[in-house]
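Here's the structure we're looking at; comments come further down.
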Amino acid sequence: MRFTFPDYYPGFQCLAGSCPATCCEDWQIVIDPASLRRYKSTKGPFGRKLRRRIDWKDGVFRQKGRRCVFLNEENLCEMHIEAGAGMMCRTCRMHPRHVEVYDQEREIMLALSCPAAARLILGTDKKAEFVSFEDEREEEENEDFDFFLFSALQDTRQQMIVMLQDRRESISLRLARVLALAHDVQKRIEDEQIFEIGDTLEIHADPVHAERIGEKIRSMAEGAPEKCRESHLVFRKALLDKLARMEVLEEAWSADLARWRQMSRETVNAGTETAERRSEADRGLDFAALMHGLARSMAEEETCRAQSCQNEGEEEVCRAPRGCQSAAKNELAGMTGQARAGAEKAHHGAGDGSRFEVMQEQLAVYLLQTYFCSAVYDQRAYAKVKMAVLFVLFWREIARLEELEADEERLMELAYRLSRELEHSDVNLSRLQR
């Protein structure tokens, strides 16, 4: 058996009573069959208490005020206190560990919905790495498992992670590149050309092809700065409208989402939102809409970083308006030295190295590592990448609305709250892949 997990995995430690968002609240805890049988036969006063606190019809622990009945006022588990960790059901023992099963391989991740795990995933600039080991255990082989597709998906995911971790480029450009690769790999899968996926990976890894894709993405955002900004705001509104169509698990989330949507609507000038823009926003965020949205995001926030350029004497010499590449090109004409070099770096979509951008990278890598290879079971590789990109964009646009870019604690809180809403709902995971 082969096991793979992130290098930060051994550093996980439950926050217990000091956790700001306990995992024993706001959702039902499903009890595995083996634990249910054990609970039925548990003797003594604790056994009687245990059986009263289980909903035997649904196989879950009962709740009191949306909290597990075993969660005491100090946010500690009474079962753990009274009977020890061995008495806990599999769900409680495993959380926040998430295991994907692939025939003779197991991929283990820490769920972002856990605040302690979110800090490990997002709280570092170190690029995520993954560790593997093998032992002698073997399980009966699944004859229906497509090993060749799985191997191709693993290779694709590895290349996507390399793309995402290339901090020379803006995160919007990296996300667009990954989306483009997923689109082409999906075409190979649908055409039953699994063995040609390697050729697709080689093409996308070629620097000439990569630059050509980059130029195509940048060209999508050509135009006047005000038009780029308008388009970006309409794209943000479309993202939040899609998020509003998801199943809501936490009451407070519903109120916050309504507020964010109102903030987004207020930033879109209804008088300048053209029918063309509305039509584009309502297409369901398909491949073309996402690529255009990422291009305009790059133009709006990354391409024009010339606004903060300085010359060798630390004197500010340029402050370009937020806008598009065409505006950035005009700014370059009057610059020299370090100011021009900095502006050119921004103009070509380079990453800014900020914690906000690194956290987007870490989110995307986490989501691809967790979900991408599950396409071996449904052949929907592009859908997994689309889900990851949407998740990052939801998080990013809410953070910008709230002006959280420099507030790491609140950014992490937003990440684990968003994860709870999306990753802990099979309905939402399915809707994100449509």
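Every chain in the structure tokens has a letter given in the order shown (A, B, ...), and although residue numbers restart at 1 in each chain, ligands are simply numbered from 1 in the order shown.
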Q: Extract, using only C-alpha atoms, all DNA, RNA and protein residues at most 9 Å from stretch 1-6 of chain A, discarding same-chain residues fewer than 5 positions from it, and format them as a list in words.
A: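 Counting only C-alpha atoms, the residues come to Asp103, Gln104, Glu105, Arg106, Glu107, Ile108, Met109, Leu110, Ala128, Glu129, Phe130, Val131, Ser132, Phe133, Glu134, Asp135, Glu136, Arg137, Glu138 and Glu139 of chain A.
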Q) How would you write, as a VMD selection string, the set of residues in stretch 60-185 of chain A that DSSP gives as helix (DSSP H, G or I)? A) chain A and resid 78 to 83 85 to 87 90 to 94 115 to 122 147 to 164 171 to 185
Q: Could you check how far atom CA of A:Val178 sits from atom CA of A:Gln379, in Å to one decimal?
A: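 Between atom CA of A:Val178 and atom CA of A:Gln379 the gap is 17.2 Å.
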Check the DSSP output for the backbone and give back, as a PDB file with all heavy atoms, in the first residue's frame, the residues of stretch 33-195 of chain A in strand (DSSP E or B).
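Once written, states_1.pdb looks like this:
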```pdb
ATOM      1  N   ILE A  54     -27.920   9.055  21.106  1.00  0.00           N
ATOM      2  CA  ILE A  54     -27.764   8.685  19.697  1.00  0.00           C
ATOM      3  C   ILE A  54     -29.128   8.635  19.016  1.00  0.00           C
ATOM      4  O   ILE A  54     -30.091   8.095  19.576  1.00  0.00           O
ATOM      5  CB  ILE A  54     -27.062   7.313  19.567  1.00  0.00           C
ATOM      6  CG1 ILE A  54     -25.617   7.412  20.036  1.00  0.00           C
ATOM      7  CG2 ILE A  54     -27.113   6.808  18.122  1.00  0.00           C
ATOM      8  CD1 ILE A  54     -24.886   6.082  20.066  1.00  0.00           C
ATOM      9  N   ASP A  55     -29.198   9.206  17.840  1.00  0.00           N
ATOM     10  CA  ASP A  55     -30.380   9.053  16.990  1.00  0.00           C
ATOM     11  C   ASP A  55     -30.152   7.777  16.185  1.00  0.00           C
ATOM     12  O   ASP A  55     -29.458   7.770  15.175  1.00  0.00           O
ATOM     13  CB  ASP A  55     -30.513  10.271  16.062  1.00  0.00           C
ATOM     14  CG  ASP A  55     -31.729  10.181  15.139  1.00  0.00           C
ATOM     15  OD1 ASP A  55     -32.180   9.061  14.863  1.00  0.00           O
ATOM     16  OD2 ASP A  55     -32.190  11.240  14.671  1.00  0.00           O
ATOM     17  N   VAL A  60     -26.693   9.029  13.948  1.00  0.00           N
ATOM     18  CA  VAL A  60     -25.915  10.235  14.265  1.00  0.00           C
ATOM     19  C   VAL A  60     -26.057  10.548  15.756  1.00  0.00           C
ATOM     20  O   VAL A  60     -26.989  10.071  16.415  1.00  0.00           O
ATOM     21  CB  VAL A  60     -26.400  11.449  13.437  1.00  0.00           C
ATOM     22  CG1 VAL A  60     -26.221  11.194  11.943  1.00  0.00           C
ATOM     23  CG2 VAL A  60     -27.856  11.797  13.743  1.00  0.00           C
ATOM     24  N   PHE A  61     -25.130  11.354  16.258  1.00  0.00           N
ATOM     25  CA  PHE A  61     -25.272  11.845  17.630  1.00  0.00           C
ATOM     26  C   PHE A  61     -26.346  12.929  17.651  1.00  0.00           C
ATOM     27  O   PHE A  61     -26.448  13.740  16.726  1.00  0.00           O
ATOM     28  CB  PHE A  61     -23.948  12.420  18.148  1.00  0.00           C
ATOM     29  CG  PHE A  61     -22.892  11.380  18.393  1.00  0.00           C
ATOM     30  CD1 PHE A  61     -21.715  11.377  17.651  1.00  0.00           C
ATOM     31  CD2 PHE A  61     -23.072  10.404  19.359  1.00  0.00           C
ATOM     32  CE1 PHE A  61     -20.745  10.422  17.876  1.00  0.00           C
ATOM     33  CE2 PHE A  61     -22.104   9.436  19.586  1.00  0.00           C
ATOM     34  CZ  PHE A  61     -20.943   9.441  18.839  1.00  0.00           C
ATOM     35  N   GLN A  63     -28.262  16.383  18.802  1.00  0.00           N
ATOM     36  CA  GLN A  63     -27.740  17.734  18.965  1.00  0.00           C
ATOM     37  C   GLN A  63     -28.598  18.523  19.946  1.00  0.00           C
ATOM     38  O   GLN A  63     -29.780  18.245  20.124  1.00  0.00           O
ATOM     39  CB  GLN A  63     -27.697  18.468  17.619  1.00  0.00           C
ATOM     40  CG  GLN A  63     -26.653  17.934  16.655  1.00  0.00           C
ATOM     41  CD  GLN A  63     -26.563  18.785  15.410  1.00  0.00           C
ATOM     42  OE1 GLN A  63     -27.588  19.185  14.830  1.00  0.00           O
ATOM     43  NE2 GLN A  63     -25.350  19.079  14.967  1.00  0.00           N
ATOM     44  N   LYS A  64     -27.972  19.517  20.540  1.00  0.00           N
ATOM     45  CA  LYS A  64     -28.671  20.453  21.405  1.00  0.00           C
ATOM     46  C   LYS A  64     -28.216  21.848  21.000  1.00  0.00           C
ATOM     47  O   LYS A  64     -27.053  22.211  21.208  1.00  0.00           O
ATOM     48  CB  LYS A  64     -28.335  20.183  22.875  1.00  0.00           C
ATOM     49  CG  LYS A  64     -29.105  21.088  23.838  1.00  0.00           C
ATOM     50  CD  LYS A  64     -28.797  20.736  25.282  1.00  0.00           C
ATOM     51  CE  LYS A  64     -29.585  21.629  26.241  1.00  0.00           C
ATOM     52  NZ  LYS A  64     -29.281  21.304  27.656  1.00  0.00           N
ATOM     53  N   ARG A  67     -25.370  21.848  18.535  1.00  0.00           N
ATOM     54  CA  ARG A  67     -24.104  21.325  19.057  1.00  0.00           C
ATOM     55  C   ARG A  67     -24.282  19.858  19.410  1.00  0.00           C
ATOM     56  O   ARG A  67     -25.339  19.449  19.900  1.00  0.00           O
ATOM     57  CB  ARG A  67     -23.662  22.098  20.306  1.00  0.00           C
ATOM     58  CG  ARG A  67     -23.238  23.529  20.041  1.00  0.00           C
ATOM     59  CD  ARG A  67     -23.220  24.344  21.334  1.00  0.00           C
ATOM     60  NE  ARG A  67     -22.345  23.792  22.349  1.00  0.00           N
ATOM     61  CZ  ARG A  67     -21.064  24.145  22.513  1.00  0.00           C
ATOM     62  NH1 ARG A  67     -20.520  25.046  21.703  1.00  0.00           N
ATOM     63  NH2 ARG A  67     -20.344  23.618  23.481  1.00  0.00           N
ATOM     64  N   CYS A  68     -23.239  19.052  19.180  1.00  0.00           N
ATOM     65  CA  CYS A  68     -23.280  17.656  19.600  1.00  0.00           C
ATOM     66  C   CYS A  68     -23.554  17.590  21.101  1.00  0.00           C
ATOM     67  O   CYS A  68     -22.982  18.367  21.883  1.00  0.00           O
ATOM     68  CB  CYS A  68     -21.947  16.981  19.280  1.00  0.00           C
ATOM     69  SG  CYS A  68     -21.817  15.278  19.905  1.00  0.00           S
ATOM     70  N   LEU A  71     -20.668  17.666  23.551  1.00  0.00           N
ATOM     71  CA  LEU A  71     -19.798  18.839  23.639  1.00  0.00           C
ATOM     72  C   LEU A  71     -20.207  19.656  24.859  1.00  0.00           C
ATOM     73  O   LEU A  71     -21.324  20.177  24.935  1.00  0.00           O
ATOM     74  CB  LEU A  71     -19.926  19.676  22.367  1.00  0.00           C
ATOM     75  CG  LEU A  71     -18.917  20.816  22.182  1.00  0.00           C
ATOM     76  CD1 LEU A  71     -17.505  20.261  22.027  1.00  0.00           C
ATOM     77  CD2 LEU A  71     -19.286  21.661  20.964  1.00  0.00           C
ATOM     78  N   CYS A  77     -15.041  17.320  24.556  1.00  0.00           N
ATOM     79  CA  CYS A  77     -15.899  16.163  24.334  1.00  0.00           C
ATOM     80  C   CYS A  77     -16.018  15.330  25.613  1.00  0.00           C
ATOM     81  O   CYS A  77     -15.019  14.807  26.126  1.00  0.00           O
ATOM     82  CB  CYS A  77     -15.330  15.313  23.198  1.00  0.00           C
ATOM     83  SG  CYS A  77     -16.251  13.786  22.910  1.00  0.00           S
ATOM     84  N   ARG A  97      -8.714  14.709   9.188  1.00  0.00           N
ATOM     85  CA  ARG A  97      -7.996  13.952   8.152  1.00  0.00           C
ATOM     86  C   ARG A  97      -8.981  13.482   7.082  1.00  0.00           C
ATOM     87  O   ARG A  97     -10.049  12.981   7.392  1.00  0.00           O
ATOM     88  CB  ARG A  97      -7.268  12.772   8.781  1.00  0.00           C
ATOM     89  CG  ARG A  97      -6.243  13.216   9.831  1.00  0.00           C
ATOM     90  CD  ARG A  97      -5.901  12.108  10.797  1.00  0.00           C
ATOM     91  NE  ARG A  97      -5.099  12.593  11.903  1.00  0.00           N
ATOM     92  CZ  ARG A  97      -5.597  13.120  13.015  1.00  0.00           C
ATOM     93  NH1 ARG A  97      -6.929  13.216  13.166  1.00  0.00           N
ATOM     94  NH2 ARG A  97      -4.806  13.543  13.974  1.00  0.00           N
ATOM     95  N   HIS A  98      -8.587  13.652   5.841  1.00  0.00           N
ATOM     96  CA  HIS A  98      -9.424  13.293   4.688  1.00  0.00           C
ATOM     97  C   HIS A  98      -8.649  12.294   3.849  1.00  0.00           C
ATOM     98  O   HIS A  98      -7.504  12.552   3.482  1.00  0.00           O
ATOM     99  CB  HIS A  98      -9.739  14.561   3.875  1.00  0.00           C
ATOM    100  CG  HIS A  98     -10.443  14.282   2.580  1.00  0.00           C
ATOM    101  ND1 HIS A  98     -11.817  14.252   2.484  1.00  0.00           N
ATOM    102  CD2 HIS A  98      -9.972  14.022   1.329  1.00  0.00           C
ATOM    103  CE1 HIS A  98     -12.160  13.999   1.229  1.00  0.00           C
ATOM    104  NE2 HIS A  98     -11.064  13.847   0.507  1.00  0.00           N
ATOM    105  N   VAL A  99      -9.253  11.140   3.576  1.00  0.00           N
ATOM    106  CA  VAL A  99      -8.556  10.065   2.859  1.00  0.00           C
ATOM    107  C   VAL A  99      -9.265   9.778   1.532  1.00  0.00           C
ATOM    108  O   VAL A  99     -10.475   9.535   1.505  1.00  0.00           O
ATOM    109  CB  VAL A  99      -8.489   8.775   3.699  1.00  0.00           C
ATOM    110  CG1 VAL A  99      -7.730   7.691   2.939  1.00  0.00           C
ATOM    111  CG2 VAL A  99      -7.830   9.050   5.046  1.00  0.00           C
ATOM    112  N   GLU A 100      -8.510   9.828   0.444  1.00  0.00           N
ATOM    113  CA  GLU A 100      -9.008   9.405  -0.868  1.00  0.00           C
ATOM    114  C   GLU A 100      -8.417   8.029  -1.174  1.00  0.00           C
ATOM    115  O   GLU A 100      -7.210   7.809  -1.010  1.00  0.00           O
ATOM    116  CB  GLU A 100      -8.599  10.395  -1.953  1.00  0.00           C
ATOM    117  CG  GLU A 100      -9.333  11.736  -1.874  1.00  0.00           C
ATOM    118  CD  GLU A 100     -10.773  11.638  -2.321  1.00  0.00           C
ATOM    119  OE1 GLU A 100     -11.133  10.649  -2.985  1.00  0.00           O
ATOM    120  OE2 GLU A 100     -11.559  12.565  -2.001  1.00  0.00           O
ATOM    121  N   VAL A 101      -9.268   7.107  -1.612  1.00  0.00           N
ATOM    122  CA  VAL A 101      -8.866   5.726  -1.864  1.00  0.00           C
ATOM    123  C   VAL A 101      -8.725   5.496  -3.366  1.00  0.00           C
ATOM    124  O   VAL A 101      -9.673   5.698  -4.128  1.00  0.00           O
ATOM    125  CB  VAL A 101      -9.898   4.741  -1.279  1.00  0.00           C
ATOM    126  CG1 VAL A 101      -9.506   3.300  -1.586  1.00  0.00           C
ATOM    127  CG2 VAL A 101     -10.040   4.959   0.227  1.00  0.00           C
ATOM    128  N   TYR A 102      -7.534   5.060  -3.783  1.00  0.00           N
ATOM    129  CA  TYR A 102      -7.265   4.765  -5.185  1.00  0.00           C
ATOM    130  C   TYR A 102      -6.608   3.386  -5.290  1.00  0.00           C
ATOM    131  O   TYR A 102      -5.383   3.267  -5.278  1.00  0.00           O
ATOM    132  CB  TYR A 102      -6.344   5.816  -5.801  1.00  0.00           C
ATOM    133  CG  TYR A 102      -6.886   7.228  -5.739  1.00  0.00           C
ATOM    134  CD1 TYR A 102      -6.265   8.213  -4.970  1.00  0.00           C
ATOM    135  CD2 TYR A 102      -8.034   7.575  -6.457  1.00  0.00           C
ATOM    136  CE1 TYR A 102      -6.759   9.500  -4.928  1.00  0.00           C
ATOM    137  CE2 TYR A 102      -8.536   8.866  -6.409  1.00  0.00           C
ATOM    138  CZ  TYR A 102      -7.894   9.824  -5.643  1.00  0.00           C
ATOM    139  OH  TYR A 102      -8.399  11.110  -5.596  1.00  0.00           O
ATOM    140  N   GLU A 105      -3.511   2.740  -3.392  1.00  0.00           N
ATOM    141  CA  GLU A 105      -2.943   4.006  -2.910  1.00  0.00           C
ATOM    142  C   GLU A 105      -3.945   4.716  -2.013  1.00  0.00           C
ATOM    143  O   GLU A 105      -5.164   4.630  -2.224  1.00  0.00           O
ATOM    144  CB  GLU A 105      -2.542   4.910  -4.077  1.00  0.00           C
ATOM    145  CG  GLU A 105      -1.445   4.320  -4.943  1.00  0.00           C
ATOM    146  CD  GLU A 105      -0.681   5.376  -5.730  1.00  0.00           C
ATOM    147  OE1 GLU A 105      -0.678   6.549  -5.303  1.00  0.00           O
ATOM    148  OE2 GLU A 105      -0.083   5.020  -6.760  1.00  0.00           O
ATOM    149  N   ARG A 106      -3.420   5.427  -1.027  1.00  0.00           N
ATOM    150  CA  ARG A 106      -4.228   6.251  -0.135  1.00  0.00           C
ATOM    151  C   ARG A 106      -3.602   7.648  -0.086  1.00  0.00           C
ATOM    152  O   ARG A 106      -2.424   7.793   0.218  1.00  0.00           O
ATOM    153  CB  ARG A 106      -4.277   5.667   1.281  1.00  0.00           C
ATOM    154  CG  ARG A 106      -4.837   4.256   1.364  1.00  0.00           C
ATOM    155  CD  ARG A 106      -6.325   4.243   1.064  1.00  0.00           C
ATOM    156  NE  ARG A 106      -6.893   2.893   1.199  1.00  0.00           N
ATOM    157  CZ  ARG A 106      -6.954   2.011   0.218  1.00  0.00           C
ATOM    158  NH1 ARG A 106      -6.460   2.318  -0.978  1.00  0.00           N
ATOM    159  NH2 ARG A 106      -7.487   0.824   0.411  1.00  0.00           N
ATOM    160  N   GLU A 107      -4.410   8.651  -0.401  1.00  0.00           N
ATOM    161  CA  GLU A 107      -3.938  10.029  -0.318  1.00  0.00           C
ATOM    162  C   GLU A 107      -4.630  10.703   0.854  1.00  0.00           C
ATOM    163  O   GLU A 107      -5.864  10.746   0.919  1.00  0.00           O
ATOM    164  CB  GLU A 107      -4.208  10.773  -1.624  1.00  0.00           C
ATOM    165  CG  GLU A 107      -3.386  10.199  -2.780  1.00  0.00           C
ATOM    166  CD  GLU A 107      -3.419  11.043  -4.029  1.00  0.00           C
ATOM    167  OE1 GLU A 107      -4.254  11.979  -4.104  1.00  0.00           O
ATOM    168  OE2 GLU A 107      -2.603  10.787  -4.934  1.00  0.00           O
ATOM    169  N   ILE A 108      -3.839  11.223   1.776  1.00  0.00           N
ATOM    170  CA  ILE A 108      -4.359  11.754   3.037  1.00  0.00           C
ATOM    171  C   ILE A 108      -4.111  13.255   3.077  1.00  0.00           C
ATOM    172  O   ILE A 108      -2.994  13.722   2.821  1.00  0.00           O
ATOM    173  CB  ILE A 108      -3.676  11.078   4.239  1.00  0.00           C
ATOM    174  CG1 ILE A 108      -3.762   9.559   4.109  1.00  0.00           C
ATOM    175  CG2 ILE A 108      -4.310  11.540   5.547  1.00  0.00           C
ATOM    176  CD1 ILE A 108      -2.891   8.803   5.084  1.00  0.00           C
ATOM    177  N   MET A 109      -5.151  14.007   3.379  1.00  0.00           N
ATOM    178  CA  MET A 109      -5.036  15.457   3.513  1.00  0.00           C
ATOM    179  C   MET A 109      -5.658  15.898   4.834  1.00  0.00           C
ATOM    180  O   MET A 109      -6.422  15.152   5.458  1.00  0.00           O
ATOM    181  CB  MET A 109      -5.739  16.160   2.352  1.00  0.00           C
ATOM    182  CG  MET A 109      -5.106  15.919   0.993  1.00  0.00           C
ATOM    183  SD  MET A 109      -3.496  16.735   0.809  1.00  0.00           S
ATOM    184  CE  MET A 109      -4.002  18.455   0.673  1.00  0.00           C
ATOM    185  N   LEU A 110      -5.340  17.109   5.252  1.00  0.00           N
ATOM    186  CA  LEU A 110      -6.007  17.734   6.386  1.00  0.00           C
ATOM    187  C   LEU A 110      -7.068  18.664   5.827  1.00  0.00           C
ATOM    188  O   LEU A 110      -6.805  19.450   4.919  1.00  0.00           O
ATOM    189  CB  LEU A 110      -5.018  18.526   7.236  1.00  0.00           C
ATOM    190  CG  LEU A 110      -3.958  17.715   7.979  1.00  0.00           C
ATOM    191  CD1 LEU A 110      -2.955  18.650   8.660  1.00  0.00           C
ATOM    192  CD2 LEU A 110      -4.604  16.803   9.013  1.00  0.00           C
ATOM    193  N   PHE A 130       4.669  17.064  -0.970  1.00  0.00           N
ATOM    194  CA  PHE A 130       3.925  15.866  -0.575  1.00  0.00           C
ATOM    195  C   PHE A 130       4.872  14.682  -0.451  1.00  0.00           C
ATOM    196  O   PHE A 130       5.774  14.494  -1.274  1.00  0.00           O
ATOM    197  CB  PHE A 130       2.805  15.598  -1.583  1.00  0.00           C
ATOM    198  CG  PHE A 130       1.835  16.737  -1.645  1.00  0.00           C
ATOM    199  CD1 PHE A 130       2.013  17.772  -2.562  1.00  0.00           C
ATOM    200  CD2 PHE A 130       0.777  16.806  -0.757  1.00  0.00           C
ATOM    201  CE1 PHE A 130       1.145  18.854  -2.600  1.00  0.00           C
ATOM    202  CE2 PHE A 130      -0.096  17.877  -0.785  1.00  0.00           C
ATOM    203  CZ  PHE A 130       0.086  18.903  -1.704  1.00  0.00           C
ATOM    204  N   VAL A 131       4.672  13.915   0.612  1.00  0.00           N
ATOM    205  CA  VAL A 131       5.564  12.827   0.993  1.00  0.00           C
ATOM    206  C   VAL A 131       4.838  11.495   0.784  1.00  0.00           C
ATOM    207  O   VAL A 131       3.644  11.383   1.078  1.00  0.00           O
ATOM    208  CB  VAL A 131       5.984  12.971   2.466  1.00  0.00           C
ATOM    209  CG1 VAL A 131       6.922  11.839   2.873  1.00  0.00           C
ATOM    210  CG2 VAL A 131       6.630  14.335   2.709  1.00  0.00           C
ATOM    211  N   SER A 132       5.556  10.495   0.299  1.00  0.00           N
ATOM    212  CA  SER A 132       4.965   9.168   0.090  1.00  0.00           C
ATOM    213  C   SER A 132       5.809   8.096   0.751  1.00  0.00           C
ATOM    214  O   SER A 132       7.030   8.239   0.878  1.00  0.00           O
ATOM    215  CB  SER A 132       4.837   8.855  -1.407  1.00  0.00           C
ATOM    216  OG  SER A 132       3.946   9.746  -2.044  1.00  0.00           O
ATOM    217  N   PHE A 133       5.150   7.037   1.195  1.00  0.00           N
ATOM    218  CA  PHE A 133       5.862   5.854   1.673  1.00  0.00           C
ATOM    219  C   PHE A 133       5.001   4.633   1.370  1.00  0.00           C
ATOM    220  O   PHE A 133       3.796   4.743   1.135  1.00  0.00           O
ATOM    221  CB  PHE A 133       6.183   5.954   3.169  1.00  0.00           C
ATOM    222  CG  PHE A 133       4.995   5.779   4.074  1.00  0.00           C
ATOM    223  CD1 PHE A 133       4.635   4.523   4.544  1.00  0.00           C
ATOM    224  CD2 PHE A 133       4.227   6.881   4.459  1.00  0.00           C
ATOM    225  CE1 PHE A 133       3.541   4.361   5.376  1.00  0.00           C
ATOM    226  CE2 PHE A 133       3.123   6.728   5.282  1.00  0.00           C
ATOM    227  CZ  PHE A 133       2.782   5.467   5.742  1.00  0.00           C
ATOM    228  N   GLU A 134       5.608   3.470   1.396  1.00  0.00           N
ATOM    229  CA  GLU A 134       4.894   2.226   1.114  1.00  0.00           C
ATOM    230  C   GLU A 134       5.094   1.241   2.251  1.00  0.00           C
ATOM    231  O   GLU A 134       6.127   1.258   2.930  1.00  0.00           O
ATOM    232  CB  GLU A 134       5.391   1.611  -0.202  1.00  0.00           C
ATOM    233  CG  GLU A 134       5.126   2.475  -1.420  1.00  0.00           C
ATOM    234  CD  GLU A 134       5.528   1.790  -2.717  1.00  0.00           C
ATOM    235  OE1 GLU A 134       5.719   0.548  -2.688  1.00  0.00           O
ATOM    236  OE2 GLU A 134       5.657   2.476  -3.738  1.00  0.00           O
TER     237      GLU A 134
END
```
Q: Give me, please, the distance in Å between atom CA of A:Val385 and atom CA of A:Asp199, quoted to one decimal.
A: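 Computed distance, atom CA of A:Val385 to atom CA of A:Asp199, equals 19.5 Å.
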(Q) I'd like the neighbourhood of stretch 117-122 of chain A as a PyMOL selection string, where a residue qualifies if any of its atoms comes within 7 Å (using only C-alpha atoms), though same-chain residues fewer than 6 positions away should be ignored. (A) chain A and resi 8+12+110-111+359+362+412+416
Q: For A:Ala21, work out the shell of residues within 12 Å, counting only C-alpha atoms and skipping chain neighbours fewer than 3 positions away, then give it as a list in words.
A: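 The residues that qualify are Cys14, Leu15, Ala16, Gly17, Ser18, Cys24, Glu25, Asp26, Trp27, Arg67, Asn75, Leu112, Ser113, Cys114, Pro115, Ala116, Ala117, Ala118, Glu250, Met412, Glu413, Leu414, Tyr416, Arg417 and Arg420 of chain A.
Taking atom CA of A:Ser172 and atom CA of A:Met298 as endpoints, the distance between them is 5.5 Å.
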Q. Can you tell me, as a list of chain:residue names, what residues are no more than 12 Å from A:Glu423 when counting only C-alpha atoms, ignoring any on the same chain fewer than 5 positions away?
A.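 Contacts, with the query itself left out: A:Pro96, A:His98, A:Ala111, A:Leu112, A:Ser113, A:Cys114, A:Met246, A:Glu247, A:Val248, A:Leu249, A:Leu367, A:Thr370, A:Tyr371, A:Met387, A:Ala388, A:Phe391, A:Ala415, A:Tyr416, A:Arg417, A:Leu418, A:Asn428, A:Leu429, A:Ser430, A:Arg431, A:Leu432.
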Q.
From the options A:Gln369, A:Arg52, A:Glu192, A:Phe46, which residue's atoms come nearest to A:His80, counting only C-alpha atoms?
A.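 So, comparing all the options, the nearest one is A:Phe46.
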Q: Can you work out which one of A:Glu82, A:Glu73, A:Glu141, A:Asp146 has the shortest atom-to-atom distance to A:Gly47, counting only C-alpha atoms?
A: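 Looking only at the distances to A:Gly47, the closest residue turns out to be A:Glu82.
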